[in-house]
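Asks: Next up is a structure, given as structure tokens.
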Amino acid sequence: MSSPEKSDKKDKEGDKDKDKDTSKEETQVTTTQQQKAQADYTGTSLKFFHALGFKKVACKCIEHVNDESLVYLVGKHVAIFNYENKLHRFILKNSKTAQIVAFCVSSNRRYIALSERLIEDNGIQVSVYNFNTASRVRTLSFNYFSKQPVVALDFSRDNKYLVTVTKGPDSNIFLWQLDKARLLGMQETTPVTQVSISPWAHWKMCTTSPTSLKIWQFQEKALKPFDPTVNRRREYKYTSHAWYDDDHLVVGTEDGDILILAAENERAVELKHTLHNVNEGHAIWAICAIGRGFVCGGDSGYFTLFERTYDADHFRPYKMFRTQERQRIVDISISPNEENVVCCFDNNEMVHFSLANVDLNPENDPGNFRPLPIGFHWDTVTAVDVCQQKAIVVTASTDKQVRVWNFLKKKLEVVKAFDEDALSIACHPTGLRLVIGFKYRMCMFNLLVSDLHLCSDFPVKNCREVRFSHGGQYFAAVIVNRILIFNTYNFECLGSLQGHSSMVKSICWTKNDLGLVSAGFEGAVYVWKVEGLKRDDSEDSVLKSTAYSCLRYDDQTGMIAAIGSNKVAESGAAEGEVTLRQIQKGAELRSTKPGAISQKHSSKAHTAELAICSVSQTIFVGTPTGQLLLYKWPLTDNAQPYQRYDIHQGEILFVLLSTDEKYLFTVGDDGSLFMFDVDIILEGRPISKKSFNYGIFDDVSYMLQSELDEKVRNIAVLESRLEDVSRERKAELDVQQAKSEAEKLKRVEEHNRVVAEMKGHVEEAVRERDKAKQAVLDNEKQLEALHMKAAEELESLYQKRTEEQNARYQTLKEEKDDLIVRYENKIYKTAKQHEEQRSGLITEHTSAVQELGSKIEDLQAKKDRLARENEDMFHEMCADYEMEIDGVKEQFNQKLKRETEDLLTAKSQTAVFKKKFDGLNAKIKELKAEKEEFVKAIAKKEKKIEDNDRAIAALKLEISVRNDTISTSEKKILELKKQTAELEKLRYVLTFKFNELRKEVAPKEEQIKIMNERIQEMDEELERVGIDRDTLKQTLVSKDEKIGVLLQNLKKTSQLLDDKERLISLLLRELTELVAANDPKHMVYQLKDIIMQYNSKYQQEDVTNERDKTQEFERQRDYMEAQLSSMKKQASRKELHLRHDNIRKTSENALLVKEINDLRHEKKILATKLGITEMHLKEAKALVQQQQRQTPQPGHSSTMGSRLPGESGLGDQWATRTGGGVGGAART
């Protein structure tokens, strides 16, 4: 590396260190600022506590997280509800997310994937979160693929892959690899309602839509679809599907049919069977697979369980249930242990079904389905009210239902359905009465334990706003632009308040119920006095440009908070923009704009999106965008919210506080209700406010006298029935006791006889045990004799082998003495080889002896183990027999004692027993039958003893077989020893050949090493040359650019000088003309014009100078960008060079491997040639020896000595290799 590059690196490292230091300082400053802000914070913070309702999604509405918890979408967030302890947890959306469209849960219940629509550029992404840590694990971006949100998604079984489908009309299916956040494949498709990955093959997927059913396979880096229902008989509208296993797919249709698709013998998935009219012809909307089959649900509340069969039908219906509400089941979720099922309906309700007790549950019992306390209205909520003394919230909706919900017990207490829409509702402070406004009437109801009882009917039509006073003695009802005041207890109308020119949108009672505050659609806020039913004109506030929607009265300060939207655009406010105002007597209006625009200007819709917390001095404001804003109260001009919470997907319709201001409730037009825990914070510390004791009033409720009388009658009937049952049970017990005493007497003789028989069997078993023991001892003696005989044979064999080796050694020694004259130069080598052979043979003998000894020990241990096992088995059998006999004895003795006692008592009852003699005869027959069963049991035990005897005989046979195998193994050992001696001789020859070949290959390896070193040096030199060339090119380019910049500056300066000289010459000419005119009156005005003219020109020149500066800045920026691009090109060029070097080195490495393979091939050929020459040499030596035997001469040693030089060399080589000369070759 050159010196300038090193200096650049050092500068960069220094800059990085500086940046790190500055970032640390900044983080420290920000943390200290946050700590100070938290310490100084005063206000209110909200915690998500509970939620009602859920968001309906086309793909999946609910999923189980564990055996008792559900996850679903509600509002803008994800809720996790445990239906055993009724607790909620929430995964809140990110601040950059506008909406969560869909979700899915992984198979191991650890991750959740959320389809999110972003605020910025309306982009989309899929985020994967961990349930345990609530942290984001992966993010999949769709910026370059689609602008439509993901409406369906699913995990693979191993959680490594995710399939997603975007919304129509331009729908696409994507397959992602999650661990690398990499897109594997995508394909256009029709709009899809559900997608799933096969649990047994991540490359196989299924999609359903009303018009299509497709199986997708990821092959050759692409997604390929095919239709598995080509052989269908008619067209279907597909609704849902589920994978049962790797071969079966279950598909539901709107016609009530279920299609069974299967793949057999590794063929494609195709239609195999159709189940017709499953739910009596009603549509199937949800299918879920379980271990024993699958469950499905659909229209009219049908819920059916199917079992797997292994015939042509594949599945059969097991049980069919039906819910009491008979609403459409839109989704089903099953817990991981397959014991709990949760179904959600299209009316915003959920129910729980126990799958563990499905075999016991009757089909027509409505109690099979237990409602969960998270259901809500399925249509728009028109009115909400919170009770003062009881922990209940009452709601009314256009779905013609009124609900009473206990928010502390988290229980739905009353659901009442009416024939018309409930437009308004109010709860009495005691929680015992409700006033509900309908289209043609207004009614007061008594709130019973589980129902509403009509108390009074008022002829008031279309009442959309009703409120009870704080004390409960009055209630006010709004009829268009009039307010009627009623007495709660005698139902009389006290009067009417008139003055609004348009519909009254909101009313509120003042402190001590002395007055009433109202706000109208025309922009008027009036204060009314109940006494005299007159309006207080001094506190009126009218703004005709504003349409008020809600107002609240603060009892502590006497201020009024009102919110509304602008009817027209004026004074900087847009049409429909929401404005919050503070109204106070004798003070100016204070207003602030939350920044939201209301899309509604209807005078019929009534909302209540304001709530004032007097303890924390905070006002809660609900906006049309679903945000809840927290402002300081009283307001200041243009005040800004100090907290923002994203809650509902649509407009927030109602915001209410509980009596103790500890809980906050919000209701939105997305069909959900949120409950928050309100924490009041003062200077960074939470304040604990005393909560209201709702438990005092919870037990107080109304009950109808008719219901009470009916319950008293039912209690009396049950008591009489209980007495009858107790008498019947007592009589039955007496009869049973008499029968048992009779049976005891009859069984005494039978038990005694059985004991005697068992004693005889025990004696026989003891005799058989002694016989078996003696047989085992005889077998042990025989085995010991056989082993001793085998040891003696091995010892004799060892002596024989040693004698043979000694004799062979003596013969070899004699031959060595004979050949000393001819092979004097080889004596030392041959002696050394003989010594090596001798030591090898001795080691072989010792190892063989050790092996035989170890085998003998193994056999001995095996024999001992078998003997122990036989003895243990025998002892166990004997112990079992003895234990059984002892147990039977104890039982019989105990029974005998009891029966003797019974006999003493029974003597006094002989007269009774004579009457029952006939019955006893019948029981004697039964006892005889039992006796026969005892005899059969004894026969079975005898058969078991015979089986044990046969097992002992089989073990003896196995011992004899193993003795035979020992003898055969000894023979094999002798053969292996002979083969090892021959292999030793071949080893010497092969080592010599290998050494020669290694000498030939060694020089080539050294040459390869030298060539590799030279190649490496050349690569390093080329890299240095390339780096120097790039640096020179960069310096040349920078110098050329600097020269161009200097030329441009020179040109501009020269142009400026020319312009200034021209201006000066013009100024002098005009001044001379002015002096020559000699008109003193006009001279002053002309001189002023000249000064103004040239001053403007100089100002233009200053502007041009500024423009030149900006152009210079832009030129410098372009220069830096060009330099950066050149550095990028240089880096890419270096990377290309490195890639080429790697390719070249791999090719050279391949050539070297090829050369090594060629050398190995040559080595193999040389080895074969060497073997051929050795074979020829053996044949030649055999011929020579044959000739010597045929023509023996007295001087044969001299003739051998006068052999040809080539022949003598070959003989010497053969003698050295085999270690025995000519005699050794003859022996081999």
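The way I read the labels, and the way they are meant: chains A, B, ... in the order of the structure tokens, residue 1 as the first residue of every chain, and ligand 1 as the first ligand shown, with later ones counted on from there.
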Report as a ChimeraX atom specification all protein, DNA and RNA residues lying within 10 Å of Tyr129 (chain A), evaluated on only C-alpha atoms, omitting residues in the same chain fewer than 3 positions from it.
Replies: /A:91,105,110-114,126,132-139
Asks: Export, as a short mmCIF file (atom, residue, chain, number, x, y, z; two decimals), in the first residue's frame, the selected residues with N, CA and C atoms.
Replies:
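Done, and the output landed in result_30.cif:
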data_model
loop_
_atom_site.label_atom_id
_atom_site.label_comp_id
_atom_site.auth_asym_id
_atom_site.auth_seq_id
_atom_site.Cartn_x
_atom_site.Cartn_y
_atom_site.Cartn_z
N ILE A 91 -49.93 -5.77 21.30
CA ILE A 91 -48.77 -5.41 20.48
C ILE A 91 -49.17 -4.16 19.71
N VAL A 105 -49.71 -16.42 12.43
CA VAL A 105 -48.88 -16.89 13.54
C VAL A 105 -48.10 -18.11 13.08
N ARG A 110 -44.26 -18.80 18.24
CA ARG A 110 -43.28 -17.86 18.75
C ARG A 110 -43.27 -16.55 17.98
N TYR A 111 -43.71 -16.55 16.72
CA TYR A 111 -43.61 -15.36 15.89
C TYR A 111 -44.98 -15.03 15.30
N ILE A 112 -45.16 -13.74 15.01
CA ILE A 112 -46.37 -13.26 14.33
C ILE A 112 -45.92 -12.33 13.21
N ALA A 113 -46.49 -12.52 12.04
CA ALA A 113 -46.20 -11.68 10.87
C ALA A 113 -47.38 -10.73 10.66
N LEU A 114 -47.07 -9.43 10.55
CA LEU A 114 -48.10 -8.40 10.39
C LEU A 114 -47.95 -7.74 9.04
N VAL A 126 -44.17 -6.20 5.45
CA VAL A 126 -44.55 -7.27 6.37
C VAL A 126 -43.49 -7.34 7.45
N ASN A 132 -42.58 -13.28 22.68
CA ASN A 132 -42.04 -13.20 24.04
C ASN A 132 -41.45 -11.82 24.33
N THR A 133 -40.66 -11.29 23.37
CA THR A 133 -39.97 -10.02 23.58
C THR A 133 -40.72 -8.84 22.97
N ALA A 134 -41.75 -9.09 22.15
CA ALA A 134 -42.51 -8.03 21.45
C ALA A 134 -41.57 -7.16 20.62
N SER A 135 -40.50 -7.75 20.09
CA SER A 135 -39.54 -7.01 19.27
C SER A 135 -39.63 -7.49 17.83
N ARG A 136 -39.28 -6.58 16.91
CA ARG A 136 -39.32 -6.91 15.49
C ARG A 136 -38.10 -7.74 15.11
N VAL A 137 -38.32 -8.86 14.42
CA VAL A 137 -37.24 -9.78 14.04
C VAL A 137 -36.85 -9.58 12.58
N ARG A 138 -37.82 -9.47 11.70
CA ARG A 138 -37.55 -9.31 10.26
C ARG A 138 -38.54 -8.31 9.67
N THR A 139 -38.11 -7.65 8.59
CA THR A 139 -38.97 -6.73 7.85
C THR A 139 -38.83 -7.04 6.36
#
Asks: Show me, as a list in words, the residues that have an atom within 7 Å of Tyr702 (chain A) when counting only C-alpha atoms, minus same-chain residues fewer than 4 positions from it.
Replies: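 Answer for this query is Leu447, Leu448 and Val449 of chain A.
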Asks: In terms of the shortest atom-to-atom distance over only C-alpha atoms, which of A:Lys224, A:Arg581, A:Lys895, A:Lys411 is closest to Thr546 (chain A)?
Replies: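 Answer, going by the shortest atom-to-atom distance: A:Arg581.
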Asks: Skip Gly650 (chain A) itself and residues of its chain fewer than 2 positions away, then list as a CSV table (one decimal) with N, CA, C and O atoms, in the first residue's frame all residues within 8 Å of it, counting only C-alpha atoms.
Replies:
chain,number,residue,atom,x,y,z
A,624,PRO,N,-61.4,12.3,14.2
A,624,PRO,CA,-62.0,11.5,13.1
A,624,PRO,C,-60.9,10.5,12.6
A,624,PRO,O,-61.3,9.6,11.9
A,625,THR,N,-59.6,10.7,12.9
A,625,THR,CA,-58.6,9.8,12.4
A,625,THR,C,-58.3,8.6,13.3
A,625,THR,O,-57.4,7.8,13.0
A,626,GLY,N,-59.0,8.5,14.4
A,626,GLY,CA,-58.8,7.4,15.3
A,626,GLY,C,-57.8,7.7,16.4
A,626,GLY,O,-57.5,6.9,17.2
A,648,HIS,N,-58.3,3.7,17.3
A,648,HIS,CA,-59.2,3.1,16.4
A,648,HIS,C,-58.8,3.3,14.9
A,648,HIS,O,-58.1,4.2,14.6
A,652,ILE,N,-63.3,8.1,16.2
A,652,ILE,CA,-63.7,7.9,17.6
A,652,ILE,C,-65.0,8.6,17.9
A,652,ILE,O,-65.1,9.8,17.8
A,668,GLY,N,-65.2,3.4,18.8
A,668,GLY,CA,-65.0,3.9,17.4
A,668,GLY,C,-66.0,3.3,16.4
A,668,GLY,O,-66.7,2.3,16.7
A,669,ASP,N,-66.0,3.9,15.2
A,669,ASP,CA,-66.9,3.3,14.2
A,669,ASP,C,-66.4,2.1,13.6
A,669,ASP,O,-67.0,1.6,12.6
A,670,ASP,N,-65.2,1.5,14.0
A,670,ASP,CA,-64.7,0.3,13.5
A,670,ASP,C,-65.3,-0.9,14.3
A,670,ASP,O,-64.8,-2.0,14.2
Asks: Please list as a ChimeraX atom specification every residue within 9 Å of region 837-851 of chain A, counting only C-alpha atoms and excluding residues in the same chain fewer than 2 positions away.
Replies: /A:794-795,798,801-802,805,809,832-835,853-856,973,977,981
Asks: Might you pull out every residue within 7 Å of region 160-167 of chain A, with only C-alpha atoms counted and same-chain residues fewer than 4 positions away left off, and present them as a list in words?
Replies: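 My list of contacting residues is Gln148, Pro149, Val150, Val151, Ala152, Leu153, Asp154, Phe155, Ser156, Ser171, Asn172, Ile173, Phe174, Leu175, Trp176, Gln177, Leu178, Asp179 and Pro191 of chain A.
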Asks: Save out the residues we just selected, all heavy atoms, as a compact mmCIF listing (two decimals), in the first residue's frame.
Replies:
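Once everything was written out, this is again-v7.txt:
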# COMPACT_ATOMS: atom_id res chain seq x y z
N GLN A 148 -50.10 -2.46 -3.46
CA GLN A 148 -51.29 -2.97 -2.82
C GLN A 148 -50.91 -3.69 -1.53
O GLN A 148 -49.89 -4.37 -1.47
CB GLN A 148 -52.04 -3.94 -3.75
CG GLN A 148 -52.53 -3.30 -5.04
CD GLN A 148 -53.57 -2.24 -4.80
OE1 GLN A 148 -54.34 -2.31 -3.85
NE2 GLN A 148 -53.60 -1.23 -5.66
N PRO A 149 -51.72 -3.59 -0.47
CA PRO A 149 -51.37 -4.24 0.81
C PRO A 149 -51.48 -5.75 0.73
O PRO A 149 -52.20 -6.30 -0.11
CB PRO A 149 -52.39 -3.66 1.79
CG PRO A 149 -53.54 -3.26 0.93
CD PRO A 149 -52.96 -2.81 -0.38
N VAL A 150 -50.76 -6.42 1.61
CA VAL A 150 -50.80 -7.88 1.70
C VAL A 150 -52.06 -8.27 2.48
O VAL A 150 -52.26 -7.83 3.61
CB VAL A 150 -49.54 -8.41 2.41
CG1 VAL A 150 -49.65 -9.91 2.62
CG2 VAL A 150 -48.31 -8.10 1.58
N VAL A 151 -52.92 -9.08 1.86
CA VAL A 151 -54.19 -9.46 2.48
C VAL A 151 -54.20 -10.90 2.97
O VAL A 151 -55.10 -11.29 3.70
CB VAL A 151 -55.35 -9.24 1.49
CG1 VAL A 151 -55.52 -7.77 1.19
CG2 VAL A 151 -55.13 -10.03 0.21
N ALA A 152 -53.21 -11.71 2.57
CA ALA A 152 -53.16 -13.10 3.01
C ALA A 152 -51.70 -13.52 3.10
O ALA A 152 -50.89 -13.19 2.22
CB ALA A 152 -53.91 -14.02 2.04
N LEU A 153 -51.35 -14.24 4.18
CA LEU A 153 -49.98 -14.67 4.38
C LEU A 153 -49.96 -15.90 5.29
O LEU A 153 -50.92 -16.13 6.04
CB LEU A 153 -49.11 -13.56 4.95
CG LEU A 153 -49.42 -12.95 6.33
CD1 LEU A 153 -48.25 -12.09 6.77
CD2 LEU A 153 -50.66 -12.08 6.31
N ASP A 154 -48.87 -16.68 5.23
CA ASP A 154 -48.78 -17.91 6.02
C ASP A 154 -47.32 -18.30 6.17
O ASP A 154 -46.51 -18.09 5.25
CB ASP A 154 -49.58 -19.03 5.36
CG ASP A 154 -49.70 -20.24 6.27
OD1 ASP A 154 -49.76 -20.04 7.50
OD2 ASP A 154 -49.73 -21.37 5.76
N PHE A 155 -47.00 -18.90 7.35
CA PHE A 155 -45.66 -19.42 7.64
C PHE A 155 -45.56 -20.87 7.15
O PHE A 155 -46.56 -21.60 7.08
CB PHE A 155 -45.39 -19.41 9.15
CG PHE A 155 -44.97 -18.07 9.69
CD1 PHE A 155 -45.89 -17.21 10.25
CD2 PHE A 155 -43.64 -17.68 9.64
CE1 PHE A 155 -45.51 -16.00 10.77
CE2 PHE A 155 -43.25 -16.46 10.15
CZ PHE A 155 -44.18 -15.62 10.70
N SER A 156 -44.32 -21.30 6.91
CA SER A 156 -44.07 -22.72 6.70
C SER A 156 -43.95 -23.43 8.04
O SER A 156 -43.88 -22.79 9.10
CB SER A 156 -42.79 -22.92 5.87
OG SER A 156 -41.67 -22.43 6.57
N SER A 171 -53.07 -8.62 -8.25
CA SER A 171 -52.58 -9.47 -7.15
C SER A 171 -51.33 -10.21 -7.58
O SER A 171 -51.17 -10.60 -8.75
CB SER A 171 -53.64 -10.47 -6.73
OG SER A 171 -54.73 -9.81 -6.15
N ASN A 172 -50.43 -10.39 -6.61
CA ASN A 172 -49.21 -11.16 -6.81
C ASN A 172 -49.00 -12.06 -5.60
O ASN A 172 -49.36 -11.70 -4.47
CB ASN A 172 -47.99 -10.25 -6.97
CG ASN A 172 -48.01 -9.49 -8.28
OD1 ASN A 172 -47.81 -10.08 -9.34
ND2 ASN A 172 -48.28 -8.21 -8.22
N ILE A 173 -48.40 -13.21 -5.85
CA ILE A 173 -48.03 -14.14 -4.77
C ILE A 173 -46.51 -14.13 -4.67
O ILE A 173 -45.80 -14.17 -5.68
CB ILE A 173 -48.59 -15.55 -5.02
CG1 ILE A 173 -48.23 -16.47 -3.85
CG2 ILE A 173 -48.13 -16.13 -6.34
CD1 ILE A 173 -48.94 -17.82 -3.91
N PHE A 174 -46.01 -14.02 -3.41
CA PHE A 174 -44.57 -13.93 -3.14
C PHE A 174 -44.19 -15.05 -2.19
O PHE A 174 -44.93 -15.36 -1.24
CB PHE A 174 -44.21 -12.59 -2.48
CG PHE A 174 -44.59 -11.38 -3.30
CD1 PHE A 174 -45.86 -10.85 -3.22
CD2 PHE A 174 -43.67 -10.77 -4.13
CE1 PHE A 174 -46.22 -9.73 -3.95
CE2 PHE A 174 -44.02 -9.65 -4.86
CZ PHE A 174 -45.29 -9.13 -4.78
N LEU A 175 -43.01 -15.64 -2.41
CA LEU A 175 -42.43 -16.62 -1.48
C LEU A 175 -41.11 -16.04 -0.96
O LEU A 175 -40.22 -15.72 -1.75
CB LEU A 175 -42.19 -17.96 -2.17
CG LEU A 175 -41.60 -19.06 -1.28
CD1 LEU A 175 -42.56 -19.38 -0.13
CD2 LEU A 175 -41.29 -20.31 -2.07
N TRP A 176 -41.01 -15.90 0.38
CA TRP A 176 -39.85 -15.27 1.02
C TRP A 176 -39.09 -16.30 1.85
O TRP A 176 -39.68 -17.20 2.45
CB TRP A 176 -40.29 -14.14 1.95
CG TRP A 176 -41.04 -13.04 1.27
CD1 TRP A 176 -42.36 -13.01 0.99
CD2 TRP A 176 -40.51 -11.80 0.77
NE1 TRP A 176 -42.70 -11.85 0.37
CE2 TRP A 176 -41.57 -11.07 0.23
CE3 TRP A 176 -39.23 -11.24 0.77
CZ2 TRP A 176 -41.41 -9.82 -0.33
CZ3 TRP A 176 -39.06 -9.99 0.22
CH2 TRP A 176 -40.13 -9.29 -0.34
N GLN A 177 -37.76 -16.13 1.89
CA GLN A 177 -36.91 -16.86 2.83
C GLN A 177 -36.62 -15.93 4.01
O GLN A 177 -35.94 -14.92 3.87
CB GLN A 177 -35.61 -17.30 2.16
CG GLN A 177 -34.76 -18.20 3.04
CD GLN A 177 -33.51 -18.67 2.31
OE1 GLN A 177 -33.31 -18.37 1.13
NE2 GLN A 177 -32.67 -19.40 3.00
N LEU A 178 -37.17 -16.27 5.19
CA LEU A 178 -37.19 -15.33 6.29
C LEU A 178 -35.82 -15.10 6.91
O LEU A 178 -35.50 -13.98 7.29
CB LEU A 178 -38.16 -15.82 7.38
CG LEU A 178 -39.64 -15.58 7.09
CD1 LEU A 178 -40.48 -16.12 8.20
CD2 LEU A 178 -39.91 -14.10 6.91
N ASP A 179 -35.00 -16.16 7.06
CA ASP A 179 -33.74 -15.98 7.77
C ASP A 179 -32.80 -15.03 7.03
O ASP A 179 -31.94 -14.41 7.65
CB ASP A 179 -33.05 -17.32 8.00
CG ASP A 179 -32.91 -18.11 6.70
OD1 ASP A 179 -33.44 -17.65 5.67
OD2 ASP A 179 -32.26 -19.17 6.72
N PRO A 191 -57.25 -12.26 -7.58
CA PRO A 191 -57.43 -11.91 -6.16
C PRO A 191 -57.71 -13.14 -5.31
O PRO A 191 -58.51 -14.00 -5.68
CB PRO A 191 -58.61 -10.95 -6.18
CG PRO A 191 -58.57 -10.34 -7.54
CD PRO A 191 -58.07 -11.41 -8.46
Asks: For Lys409 (chain A), which of A:Lys567, A:Arg328, A:Arg590, A:His50 is the closest residue, counting only C-alpha atoms?
Replies: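 Among the listed residues, A:His50 lies closest to Lys409 (chain A).
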Asks: Need to verify the contact set: Thr623 (chain A), 8 Å, only C-alpha atoms, exclusion of same-chain residues closer than 2 positions in sequence. Can you return it as a list in words?
Replies: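 Listed by chain and then number, they are Pro594, Ala596, Glu609, Val621, Thr625, Gly626, Gln627, Leu628, Leu629, Glu651 and Ile652 of chain A.
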Asks: To one decimal place, how far is CA of Gln860 (chain A) from CA of Glu793 (chain A) in Å?
Replies: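 Separation between CA of Gln860 (chain A) and CA of Glu793 (chain A): 16.6 Å.
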Asks: One decimal, in Å: what's the spacing between CA of Glu930 (chain A) and CA of Lys746 (chain A)?
Replies: 12.0 Å
